[in-house]
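What follows is a single structure, written as structure tokens, with notes after it.
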Amino acid sequence: MTLREVDIDVARSLACEVRSAVVGGFGSRPHAVSLKKVCEAGLFRVVRTSRTGERDAYLVPRSTAGFDVVVRDGAERTRSLARRRLRFALAHEVGHSFFFNRRMVPHDRTCEWTDSEELFCNRFASELLVPSAEVAGLPWTPGSLRLIRDQYDVSLQAAAMSAVAHHPGAVAVALRETDHPTKGRALRIGWKAGEPFVPEHARLGSLVAEAAWVRGTAQGVEELRLGHLNGQLHVEAEREPGSSQVLVLIRPRTQLELGQMELFPRAVSSALR
Ligand SMILES: [Zn+2]
């Protein structure tokens, strides 16, 4: 059996089922799903390791029913970021468990691993942590991403991944200041969310982002030429106080905005007549 493209939608309904099986959030966050309850319900046990390796976490079937989720200790700057990354990593590994036959003990894989499985697990994790129906109506702004981050207890990157699905053509990038021995100081891409291709670690070359790095917030229409970000695009950027990164939200201009651009010069020329 292999995972077909269409099966990705199954990730959404599975996440919905798991969410409804573990009612309620935790503490002061009623929207945030309790991964502790998910792990208890699905017989997942978290095992931490300090050994280095490629993956943040991986799943190991136990000799009795259930799985060990082996999680590597990260080097996150803050405890909240470490917790939020752990939540996503756990949710992703829960997704992998659907590729095992639980009727066999220890649980056995039902198919070969493919790239589509990773896509499936990311979609499942995203949907489990942030149900898409609940964030579909939010505007594409830094404020929306902060709201999702705080309400659902996810990283800003996971919040961007959830929100960007509802904004065709949109991209979110986090820029970090880097100092290159020959190329000098530059804001370079740390992470990215959204369909359009953007090369990793590249310079975005956005004046709006540069302004936000200095002033805190900035927005406007500017010409970008990087990967599939091509042409006059709407850019909104924000650097939270004390943060070492600038969050940049990019989207194509709306039909209304484009229409206004066309109408405005005409209005001006007729007024001058
Ligand atoms: Zn994976």
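Ordered as shown in the structure tokens, chains take letters A, B, and onward, while each chain numbers its residues from 1 and ligands are numbered from 1 in the order shown.
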
- Task: Write out as a list in words which residues come within 7 Å of range 40-55 of chain A when counting only C-alpha atoms, dropping same-chain ones fewer than 5 positions away.
- Result: Gly66, Phe67, Asp68, Val69, Val70, Val71, Arg72 and Asp73 of chain A

- Using only C-alpha atoms and all ligand atoms, what are the residues with an atom within 12 Å of ligand 1, set out as a ChimeraX atom specification? /A:54-59,69,88-99,113-125

Find the nearest atom pair between each residue of range 90-183 of chain A and range 207-226 of chain A for residues within 12 Å, count only C-alpha atoms, give distances in Å to one decimal, sort rows by chain and ascending number, and present the table as JSON lines.
```
{"residue": "A:Thr141", "atom": "CA", "partner": "A:Gln219", "partner_atom": "CA", "distance": 10.4}
{"residue": "A:Pro142", "atom": "CA", "partner": "A:Thr217", "partner_atom": "CA", "distance": 9.7}
{"residue": "A:Gly143", "atom": "CA", "partner": "A:Thr217", "partner_atom": "CA", "distance": 11.3}
{"residue": "A:Val171", "atom": "CA", "partner": "A:Leu226", "partner_atom": "CA", "distance": 11.9}
{"residue": "A:Ala172", "atom": "CA", "partner": "A:Ala209", "partner_atom": "CA", "distance": 11.8}
{"residue": "A:Val173", "atom": "CA", "partner": "A:Ala209", "partner_atom": "CA", "distance": 10.2}
{"residue": "A:Ala174", "atom": "CA", "partner": "A:Ala209", "partner_atom": "CA", "distance": 9.9}
{"residue": "A:Leu175", "atom": "CA", "partner": "A:Ala209", "partner_atom": "CA", "distance": 8.2}
{"residue": "A:Arg176", "atom": "CA", "partner": "A:Trp213", "partner_atom": "CA", "distance": 9.5}
{"residue": "A:Glu177", "atom": "CA", "partner": "A:Trp213", "partner_atom": "CA", "distance": 9.2}
```

Store the residues picked out above in a file with N, CA and C atoms, as a CSV table (one decimal), in the first residue's frame.
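Below is the file part_24.csv, written as the result:
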```csv
chain,number,residue,atom,x,y,z
A,141,THR,N,-2.4,38.6,8.8
A,141,THR,CA,-1.6,39.6,9.5
A,141,THR,C,-0.8,39.0,10.5
A,142,PRO,N,0.3,39.7,10.9
A,142,PRO,CA,1.1,39.2,12.0
A,142,PRO,C,0.3,39.0,13.3
A,143,GLY,N,-0.7,39.8,13.5
A,143,GLY,CA,-1.6,39.7,14.7
A,143,GLY,C,-2.3,38.4,14.7
A,171,VAL,N,2.8,33.9,1.6
A,171,VAL,CA,4.0,33.3,2.2
A,171,VAL,C,4.3,34.0,3.5
A,172,ALA,N,4.7,33.3,4.5
A,172,ALA,CA,5.3,33.9,5.7
A,172,ALA,C,6.7,33.5,5.8
A,173,VAL,N,7.6,34.4,6.1
A,173,VAL,CA,9.0,34.1,6.4
A,173,VAL,C,9.4,34.7,7.7
A,174,ALA,N,10.3,34.1,8.4
A,174,ALA,CA,11.0,34.7,9.5
A,174,ALA,C,12.4,35.0,9.1
A,175,LEU,N,12.8,36.3,9.3
A,175,LEU,CA,14.1,36.7,8.9
A,175,LEU,C,15.0,36.9,10.2
A,176,ARG,N,16.2,36.4,10.1
A,176,ARG,CA,17.1,36.6,11.2
A,176,ARG,C,18.4,37.3,10.7
A,177,GLU,N,18.9,38.1,11.6
A,177,GLU,CA,20.1,38.8,11.2
A,177,GLU,C,21.3,37.9,11.2
```

- Message: Using only C-alpha atoms, can you tell me which of A:Ala165, A:Thr64, A:Ala159, A:Pro196 comes closest to Met104 in chain A?
- Response: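 Of the candidates, the smallest distance to Met104 in chain A is held by A:Thr64.
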
- Which residue, A:Ile189, A:Cys39, A:Leu129, A:Ala65, has the smallest gap to Arg19 in chain A when you use only C-alpha atoms? A:Leu129

- Top pick for closest residue to Glu236 in chain A, considering A:Ala170, A:Trp191, A:Tyr152, A:Thr78 and counting only C-alpha atoms: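 Nearest to Glu236 in chain A: A:Ala170.
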
- Item | In range 43-163 of chain A, DSSP strand (DSSP E) residues written as an MDAnalysis selection string | chainID A and resid 44:49 57:61 67:72 100:101 108:109

- Which polymer residues have any atom within 7 Å of an atom of range 162-164 of chain A, counting only C-alpha atoms, with same-chain residues fewer than 3 positions away left out, as a ChimeraX atom specification? /A:126,130,132,135,158-159,167,170-171,193-194

Writer output for current selection, N, CA and C atoms, as an mmCIF file, in the first residue's frame:
```
data_model
loop_
_atom_site.group_PDB
_atom_site.id
_atom_site.type_symbol
_atom_site.label_atom_id
_atom_site.label_comp_id
_atom_site.auth_asym_id
_atom_site.auth_seq_id
_atom_site.Cartn_x
_atom_site.Cartn_y
_atom_site.Cartn_z
ATOM 1 N N SER A 126 -0.650 19.616 12.132
ATOM 2 C CA SER A 126 -1.145 20.980 12.003
ATOM 3 C C SER A 126 -2.637 21.043 12.346
ATOM 4 N N VAL A 130 -4.124 22.935 15.477
ATOM 5 C CA VAL A 130 -4.905 24.124 15.083
ATOM 6 C C VAL A 130 -5.948 23.712 14.043
ATOM 7 N N SER A 132 -8.320 23.737 11.163
ATOM 8 C CA SER A 132 -8.341 24.769 10.119
ATOM 9 C C SER A 132 -9.658 25.544 10.109
ATOM 10 N N VAL A 135 -9.622 28.754 12.207
ATOM 11 C CA VAL A 135 -8.773 29.906 11.878
ATOM 12 C C VAL A 135 -8.983 30.395 10.442
ATOM 13 N N ALA A 158 4.383 27.104 13.218
ATOM 14 C CA ALA A 158 3.217 26.210 13.099
ATOM 15 C C ALA A 158 1.944 27.034 12.885
ATOM 16 N N ALA A 159 1.866 28.194 13.549
ATOM 17 C CA ALA A 159 0.710 29.084 13.364
ATOM 18 C C ALA A 159 0.654 29.551 11.909
ATOM 19 N N HIS A 167 -4.939 31.321 2.572
ATOM 20 C CA HIS A 167 -4.595 32.529 1.810
ATOM 21 C C HIS A 167 -3.755 32.149 0.591
ATOM 22 N N ALA A 170 -0.053 33.262 -0.596
ATOM 23 C CA ALA A 170 0.622 33.967 0.501
ATOM 24 C C ALA A 170 1.831 33.177 0.999
ATOM 25 N N VAL A 171 2.762 33.906 1.595
ATOM 26 C CA VAL A 171 3.976 33.306 2.157
ATOM 27 C C VAL A 171 4.284 34.036 3.462
ATOM 28 N N ALA A 193 6.704 29.524 5.473
ATOM 29 C CA ALA A 193 5.452 28.770 5.356
ATOM 30 C C ALA A 193 4.697 29.274 4.138
ATOM 31 N N GLY A 194 4.082 28.363 3.385
ATOM 32 C CA GLY A 194 3.333 28.754 2.190
ATOM 33 C C GLY A 194 3.826 28.008 0.966
#
```

- Task: Could you tell me how far CA of Val38 in chain A lies from CA of Arg85 in chain A, in Å and to one decimal?
- Result: 16.1 Å

- Message: For a test of reading the model, state the distance in Å between CA of Gly227 in chain A and CA of Leu204 in chain A, rounded to one decimal.
- Response: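 Straight-line distance from CA of Gly227 in chain A to CA of Leu204 in chain A works out to 9.7 Å.
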
- Item | For Glu257 in chain A, the nearest of the candidates A:Arg62, A:Arg87, A:His234, A:Lys192, counting only C-alpha atoms |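 Closest residue, counting only C-alpha atoms: A:His234.
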
- Task: Report as a ChimeraX atom specification: the residues of range 17-111 of chain A with a DSSP assignment of alpha helix (DSSP H), based on the backbone of this structure.
- Result: /A:17-21,35-42,79-96

Restricting it to N, CA and C atoms, dump the selection as an mmCIF file, in the first residue's frame.
```cif
data_model
loop_
_atom_site.group_PDB
_atom_site.id
_atom_site.type_symbol
_atom_site.label_atom_id
_atom_site.label_comp_id
_atom_site.auth_asym_id
_atom_site.auth_seq_id
_atom_site.Cartn_x
_atom_site.Cartn_y
_atom_site.Cartn_z
ATOM 1 N N GLU A 17 -11.012 13.504 14.631
ATOM 2 C CA GLU A 17 -11.456 12.417 15.519
ATOM 3 C C GLU A 17 -10.637 12.361 16.793
ATOM 4 N N VAL A 18 -9.297 12.475 16.649
ATOM 5 C CA VAL A 18 -8.421 12.432 17.825
ATOM 6 C C VAL A 18 -8.749 13.601 18.748
ATOM 7 N N ARG A 19 -8.957 14.773 18.169
ATOM 8 C CA ARG A 19 -9.283 15.964 18.961
ATOM 9 C C ARG A 19 -10.564 15.774 19.764
ATOM 10 N N SER A 20 -11.584 15.204 19.121
ATOM 11 C CA SER A 20 -12.845 15.056 19.846
ATOM 12 C C SER A 20 -12.771 13.934 20.889
ATOM 13 N N ALA A 21 -11.786 13.043 20.744
ATOM 14 C CA ALA A 21 -11.626 11.965 21.736
ATOM 15 C C ALA A 21 -10.993 12.476 23.030
ATOM 16 N N LEU A 35 -1.751 17.420 24.578
ATOM 17 C CA LEU A 35 -0.982 16.314 24.008
ATOM 18 C C LEU A 35 -0.778 15.198 25.034
ATOM 19 N N LYS A 36 -0.849 15.584 26.324
ATOM 20 C CA LYS A 36 -0.730 14.589 27.398
ATOM 21 C C LYS A 36 -1.899 13.610 27.290
ATOM 22 N N LYS A 37 -3.102 14.183 27.097
ATOM 23 C CA LYS A 37 -4.290 13.328 26.974
ATOM 24 C C LYS A 37 -4.243 12.500 25.689
ATOM 25 N N VAL A 38 -3.754 13.101 24.610
ATOM 26 C CA VAL A 38 -3.643 12.360 23.341
ATOM 27 C C VAL A 38 -2.709 11.164 23.542
ATOM 28 N N CYS A 39 -1.590 11.399 24.230
ATOM 29 C CA CYS A 39 -0.609 10.326 24.441
ATOM 30 C C CYS A 39 -1.193 9.226 25.338
ATOM 31 N N GLU A 40 -1.940 9.632 26.356
ATOM 32 C CA GLU A 40 -2.555 8.632 27.242
ATOM 33 C C GLU A 40 -3.569 7.794 26.468
ATOM 34 N N ALA A 41 -4.408 8.491 25.679
ATOM 35 C CA ALA A 41 -5.465 7.783 24.949
ATOM 36 C C ALA A 41 -4.888 6.844 23.887
ATOM 37 N N GLY A 42 -3.778 7.264 23.263
ATOM 38 C CA GLY A 42 -3.224 6.470 22.159
ATOM 39 C C GLY A 42 -2.057 5.579 22.567
ATOM 40 N N ARG A 79 11.723 28.384 27.112
ATOM 41 C CA ARG A 79 10.983 27.177 27.507
ATOM 42 C C ARG A 79 9.690 27.032 26.727
ATOM 43 N N SER A 80 9.034 28.179 26.472
ATOM 44 C CA SER A 80 7.757 28.089 25.746
ATOM 45 C C SER A 80 7.983 27.605 24.320
ATOM 46 N N LEU A 81 9.078 28.054 23.689
ATOM 47 C CA LEU A 81 9.360 27.596 22.329
ATOM 48 C C LEU A 81 9.693 26.099 22.338
ATOM 49 N N ALA A 82 10.431 25.664 23.362
ATOM 50 C CA ALA A 82 10.762 24.233 23.476
ATOM 51 C C ALA A 82 9.480 23.412 23.612
ATOM 52 N N ARG A 83 8.531 23.907 24.446
ATOM 53 C CA ARG A 83 7.274 23.181 24.647
ATOM 54 C C ARG A 83 6.470 23.143 23.346
ATOM 55 N N ARG A 84 6.432 24.271 22.649
ATOM 56 C CA ARG A 84 5.639 24.338 21.415
ATOM 57 C C ARG A 84 6.232 23.457 20.322
ATOM 58 N N ARG A 85 7.561 23.411 20.227
ATOM 59 C CA ARG A 85 8.194 22.525 19.243
ATOM 60 C C ARG A 85 7.917 21.060 19.602
ATOM 61 N N LEU A 86 7.965 20.757 20.920
ATOM 62 C CA LEU A 86 7.699 19.386 21.372
ATOM 63 C C LEU A 86 6.272 18.988 21.023
ATOM 64 N N ARG A 87 5.328 19.914 21.217
ATOM 65 C CA ARG A 87 3.930 19.612 20.895
ATOM 66 C C ARG A 87 3.777 19.247 19.422
ATOM 67 N N PHE A 88 4.440 20.010 18.543
ATOM 68 C CA PHE A 88 4.324 19.703 17.114
ATOM 69 C C PHE A 88 4.997 18.360 16.799
ATOM 70 N N ALA A 89 6.191 18.139 17.393
ATOM 71 C CA ALA A 89 6.915 16.890 17.127
ATOM 72 C C ALA A 89 6.087 15.684 17.580
ATOM 73 N N LEU A 90 5.443 15.790 18.748
ATOM 74 C CA LEU A 90 4.613 14.691 19.250
ATOM 75 C C LEU A 90 3.414 14.444 18.334
ATOM 76 N N ALA A 91 2.746 15.536 17.961
ATOM 77 C CA ALA A 91 1.570 15.411 17.086
ATOM 78 C C ALA A 91 1.969 14.767 15.755
ATOM 79 N N HIS A 92 3.145 15.145 15.238
ATOM 80 C CA HIS A 92 3.650 14.574 13.980
ATOM 81 C C HIS A 92 3.878 13.060 14.137
ATOM 82 N N GLU A 93 4.472 12.656 15.263
ATOM 83 C CA GLU A 93 4.739 11.225 15.474
ATOM 84 C C GLU A 93 3.443 10.436 15.676
ATOM 85 N N VAL A 94 2.457 11.050 16.306
ATOM 86 C CA VAL A 94 1.143 10.391 16.429
ATOM 87 C C VAL A 94 0.619 10.098 15.021
ATOM 88 N N GLY A 95 0.853 11.024 14.104
ATOM 89 C CA GLY A 95 0.464 10.819 12.706
ATOM 90 C C GLY A 95 1.113 9.572 12.109
ATOM 91 N N HIS A 96 2.388 9.354 12.421
ATOM 92 C CA HIS A 96 3.084 8.162 11.900
ATOM 93 C C HIS A 96 2.461 6.861 12.402
#
```
